[in-house]
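A.B. asks: Sharing a structure here in structure tokens format.
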Amino acid sequence: MDEGRISLLPPEVARRIAAGEVIERPASVVRELLENAIDSGAASISLALEGGGIDAVRVSDDGRGIPPEDFPLLCKPHATSKIRTDDDLLRVRTLGFRGEALASIAAVAELELLSSTSGGAAFKLVSRPGHEVEWGPASSRKGTSVTVKALFDRFPARKRFLKRAQTEGSLAAQVFLDRALPHPDIDFRLVADGEPRRMLPPSSLRARVLSAYPVDFPESFFREMKAESDGLSLSIVHGGPEALWPDRRHMQCFVNHRRVQDFSLLKAIEVGFSGFLPGGLFPYAFLFLEVPPDLVDFNIHPAKKEVRFKDSRAVQSFVIRSLARDLSSSDVQRPSSLDRAEGWSSAAGGPSLWEMDAEKPNGRPSFVSERNPAGHWPSKEELAALAASRATFRTVHPDADAPFKVIGQVLGVFIVFEAGDAIHFLDQHAAHERIIFDRLTERKPLSQPLLIPLAIDAVGDDDERLAAHAEALNALGFRLERTEEGSWTLLAHPEGYHGDPGELLSDLADAGNGSEDPTRTARAMTACKSAIKEGDALDFPAMEALVREALSLPEKRCPHGRPIMFSMGREEAYERIRRIVR
Ligand code: ADP
Ligand code: MG
């Protein structure tokens, strides 16, 4: 294709392009102008807003510019340099391709466009609704600058729909960030009413994301990972399992440089993180996916926020596998710290929690509905305080074979022990749960028959859930048989299991934790119901045995993702009583 030369689309192509209201508000003007600027190959793009963009929007770039001979076509509908034929539609890699943005803007606002190609003369175009478009020679540096004013001035009904300048301004600023994020090599600036608001110099993707969405965590928490498989590739900037929020405010997805609202991609990120995410918390994760243009369709939404993949399972599974691998890779260095409650531990050699694969019949990453287990999760302020203290205090997790001294049991749930110049608090239930969970991958426990077989009624979803898990449960020492549809009999359970068999179904649901891999769910549930509980009294030999085993765990988190221990080092203890002052 002869990029850069504009021509009118044949009507049949024009018809195939999803029409619809393109220009709704200043943010839509910003979206279209920024897309054009990015498509122009610019190294630097600036956006100036006045009155939230209602009074004026100006986008300037230093891109390839528009050749003078293209000016007569510029504001005509379906004038585009980016597609010529029907087939091109499937292949477009540029952001804009409908060839109607400038025309739609010109229909509802005053538009002034100044452009110069390298070495070429500069031209200026002025267009006002209801007037002939005028253009002529001008002078300008290389690149294009478009100013849009008096939006909807001749359309009072539509102008009334606009919100306050501040609201319109923040919508426009959001569009600015959405465009700037996936293009970290381009310098982006946002100026509002003459005040510089966002300066995003060319940088790494990680630095771009963090400067656009700064958070109160040390930068060292954040990393950028890349993966490639079968023509798909991705980058994810994430904060690991420590930087967590009670909602999805720091989760975003981009496909081929476009921000998309796609729940299945968000879910894929969460499944990739499962095992590291305590219930009800969400990671800091920005996903940038690259999919061959013919395997993805953006045209279903006029603003191109929705996306349809040819093979969405493959895409989800790719995201899940890449993240899971990255999170459990042993070379990830986390700041290790005293507040090990959120501590990272290397999962090298840990059981693979991620056996979901598109190839496996049951490996389909499917998603459970959200469950927010009761319990207190830290507020943003508490997390920020934790992060600050983490940045200050650093200790090392005791080695697997480090000497330790058990002090005793406190608060009914912690085993307190001293090791390596620090005091450690081990959650006896969570630790034991993890130990059993890992053990269950290695060997099947003995089966213990029930004196009286238990009948379980399971209709609808419950029946399906039992059917999905029966095989995995039986492999763990249960004997669960389906007598007829909706009716099951439990004949035996694993030795040491002390759950109420009548609650098998709800226990299974609780153990799901975002992953519906039935093997993992069955192990998590069995481990939980076999582990010592909060409040169980332990003698010293039992406590010592538990600490020893816990220290040698490759993954120091319970199967639901919660940490199993935290510590207080000498330094922190001294600081708390001001023996040392920082
Ligand atoms: P589309 O982007 O869908 O092709 P537009 O109406 O947004 O349609 O733009 C029409 C054409 O004007 C583009 O195809 C491009 O050739 C040219 N153009 C618009 N803005 C710029 C710019 N900032 N730099 C270079 N060319 C531009
Ligand atoms: Mg465009």
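In the structure tokens, chains take letters A, B, ... by order of appearance, with residues numbered from 1 within each chain and ligands from 1 in the order shown.
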Tell me, as a PyMOL selection string, which residues lie within 9 Å of Glu168 of chain A, counting only C-alpha atoms; anything in the same chain fewer than 3 positions away does not count.

C.D. replies: chain A and resi 25-27+51-54+162-165+171-173

A.B. asks: I need the residues in segment 206-308 of chain A that are helix (DSSP H, G or I) according to DSSP; give them as a PyMOL selection string.

C.D. replies: chain A and resi 206-212+219-221+263-273+293-295

A.B. asks: Kindly save the residues from that selection, with N, CA, C and O atoms included, as an mmCIF file, in the first residue's frame.

C.D. replies:
```cif
data_model
loop_
_atom_site.group_PDB
_atom_site.id
_atom_site.type_symbol
_atom_site.label_atom_id
_atom_site.label_comp_id
_atom_site.auth_asym_id
_atom_site.auth_seq_id
_atom_site.Cartn_x
_atom_site.Cartn_y
_atom_site.Cartn_z
ATOM 1 N N ARG A 206 8.126 -0.401 31.241
ATOM 2 C CA ARG A 206 7.945 -0.428 32.689
ATOM 3 C C ARG A 206 7.944 1.000 33.263
ATOM 4 O O ARG A 206 7.061 1.375 34.039
ATOM 5 N N ALA A 207 8.903 1.803 32.828
ATOM 6 C CA ALA A 207 8.982 3.169 33.340
ATOM 7 C C ALA A 207 7.772 3.984 32.882
ATOM 8 O O ALA A 207 7.239 4.808 33.633
ATOM 9 N N ARG A 208 7.310 3.732 31.652
ATOM 10 C CA ARG A 208 6.143 4.462 31.153
ATOM 11 C C ARG A 208 4.912 4.152 31.997
ATOM 12 O O ARG A 208 4.190 5.051 32.416
ATOM 13 N N VAL A 209 4.694 2.875 32.268
ATOM 14 C CA VAL A 209 3.524 2.477 33.056
ATOM 15 C C VAL A 209 3.609 3.088 34.457
ATOM 16 O O VAL A 209 2.653 3.675 34.956
ATOM 17 N N LEU A 210 4.787 2.978 35.060
ATOM 18 C CA LEU A 210 4.919 3.479 36.432
ATOM 19 C C LEU A 210 4.813 4.996 36.510
ATOM 20 O O LEU A 210 4.316 5.537 37.492
ATOM 21 N N SER A 211 5.267 5.690 35.446
ATOM 22 C CA SER A 211 5.123 7.138 35.571
ATOM 23 C C SER A 211 3.700 7.571 35.251
ATOM 24 O O SER A 211 3.236 8.589 35.746
ATOM 25 N N ALA A 212 2.987 6.772 34.456
ATOM 26 C CA ALA A 212 1.583 7.122 34.204
ATOM 27 C C ALA A 212 0.702 6.741 35.388
ATOM 28 O O ALA A 212 -0.257 7.431 35.698
ATOM 29 N N GLU A 219 10.039 1.019 43.579
ATOM 30 C CA GLU A 219 10.085 0.654 42.157
ATOM 31 C C GLU A 219 10.609 -0.747 41.938
ATOM 32 O O GLU A 219 10.295 -1.402 40.956
ATOM 33 N N SER A 220 11.449 -1.196 42.891
ATOM 34 C CA SER A 220 12.059 -2.511 42.706
ATOM 35 C C SER A 220 11.031 -3.642 42.730
ATOM 36 O O SER A 220 11.328 -4.764 42.364
ATOM 37 N N PHE A 221 9.810 -3.348 43.154
ATOM 38 C CA PHE A 221 8.779 -4.385 43.147
ATOM 39 C C PHE A 221 8.329 -4.719 41.722
ATOM 40 O O PHE A 221 7.751 -5.759 41.479
ATOM 41 N N PHE A 263 -13.008 -8.555 29.719
ATOM 42 C CA PHE A 263 -13.027 -9.220 31.010
ATOM 43 C C PHE A 263 -12.243 -10.525 30.996
ATOM 44 O O PHE A 263 -11.605 -10.890 31.980
ATOM 45 N N SER A 264 -12.251 -11.210 29.857
ATOM 46 C CA SER A 264 -11.570 -12.506 29.849
ATOM 47 C C SER A 264 -10.057 -12.328 29.952
ATOM 48 O O SER A 264 -9.363 -13.172 30.516
ATOM 49 N N LEU A 265 -9.533 -11.212 29.453
ATOM 50 C CA LEU A 265 -8.097 -10.963 29.605
ATOM 51 C C LEU A 265 -7.765 -10.619 31.061
ATOM 52 O O LEU A 265 -6.766 -11.081 31.608
ATOM 53 N N LEU A 266 -8.625 -9.798 31.700
ATOM 54 C CA LEU A 266 -8.406 -9.491 33.116
ATOM 55 C C LEU A 266 -8.415 -10.772 33.934
ATOM 56 O O LEU A 266 -7.579 -10.987 34.814
ATOM 57 N N LYS A 267 -9.374 -11.630 33.611
ATOM 58 C CA LYS A 267 -9.480 -12.893 34.348
ATOM 59 C C LYS A 267 -8.253 -13.757 34.116
ATOM 60 O O LYS A 267 -7.786 -14.450 35.018
ATOM 61 N N ALA A 268 -7.745 -13.728 32.890
ATOM 62 C CA ALA A 268 -6.553 -14.527 32.598
ATOM 63 C C ALA A 268 -5.386 -14.045 33.469
ATOM 64 O O ALA A 268 -4.611 -14.847 33.990
ATOM 65 N N ILE A 269 -5.270 -12.734 33.640
ATOM 66 C CA ILE A 269 -4.213 -12.202 34.511
ATOM 67 C C ILE A 269 -4.407 -12.729 35.936
ATOM 68 O O ILE A 269 -3.480 -13.191 36.584
ATOM 69 N N GLU A 270 -5.669 -12.677 36.400
ATOM 70 C CA GLU A 270 -5.913 -13.129 37.768
ATOM 71 C C GLU A 270 -5.615 -14.610 37.937
ATOM 72 O O GLU A 270 -5.063 -15.033 38.954
ATOM 73 N N VAL A 271 -5.976 -15.407 36.931
ATOM 74 C CA VAL A 271 -5.675 -16.835 37.041
ATOM 75 C C VAL A 271 -4.162 -17.043 37.026
ATOM 76 O O VAL A 271 -3.621 -17.838 37.772
ATOM 77 N N GLY A 272 -3.462 -16.269 36.207
ATOM 78 C CA GLY A 272 -2.006 -16.351 36.182
ATOM 79 C C GLY A 272 -1.412 -16.036 37.549
ATOM 80 O O GLY A 272 -0.391 -16.581 37.942
ATOM 81 N N PHE A 273 -2.078 -15.165 38.272
ATOM 82 C CA PHE A 273 -1.611 -14.764 39.599
ATOM 83 C C PHE A 273 -2.138 -15.673 40.703
ATOM 84 O O PHE A 273 -1.745 -15.528 41.846
ATOM 85 N N PRO A 293 -2.892 -9.272 13.079
ATOM 86 C CA PRO A 293 -4.125 -8.525 12.818
ATOM 87 C C PRO A 293 -5.264 -9.382 12.257
ATOM 88 O O PRO A 293 -6.429 -9.093 12.509
ATOM 89 N N ASP A 294 -4.943 -10.459 11.545
ATOM 90 C CA ASP A 294 -6.050 -11.249 10.993
ATOM 91 C C ASP A 294 -6.663 -12.190 12.033
ATOM 92 O O ASP A 294 -7.633 -12.879 11.745
ATOM 93 N N LEU A 295 -6.098 -12.230 13.247
ATOM 94 C CA LEU A 295 -6.668 -13.096 14.281
ATOM 95 C C LEU A 295 -7.435 -12.305 15.330
ATOM 96 O O LEU A 295 -7.804 -12.811 16.374
#
```

A.B. asks: What is the distance, in Å and to one decimal place, between atom CA of Pro283 of chain A and atom CA of Ile320 of chain A?

C.D. replies: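 Going from atom CA of Pro283 of chain A over to atom CA of Ile320 of chain A covers 13.8 Å.
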
A.B. asks: Give me the residues within 6 Å of segment 60-77 of chain A as a list in words, counting only C-alpha atoms and dropping any in the same chain fewer than 5 places off.

C.D. replies: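 Returned residues: Ile6, Ala37, Ser40, Gly41, Ala42, Ser44, Ile45, Ser46, Glu100, Leu102, Ala103, Ser115, Ser116, Thr117, Lys142, Gly143, Thr144 and Ser145 of chain A.
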
A.B. asks: Report, in Å to a single decimal, how far apart atom CA of Val146 of chain A and atom 15 (C, counted along the ligand's line) of ligand 1 are.

C.D. replies: 12.2 Å

A.B. asks: Please, what distance in Å, to one decimal, runs between atom CA of Ala430 of chain A and atom CA of Leu244 of chain A?

C.D. replies: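 For atom CA of Ala430 of chain A relative to atom CA of Leu244 of chain A, the distance reads 19.8 Å.
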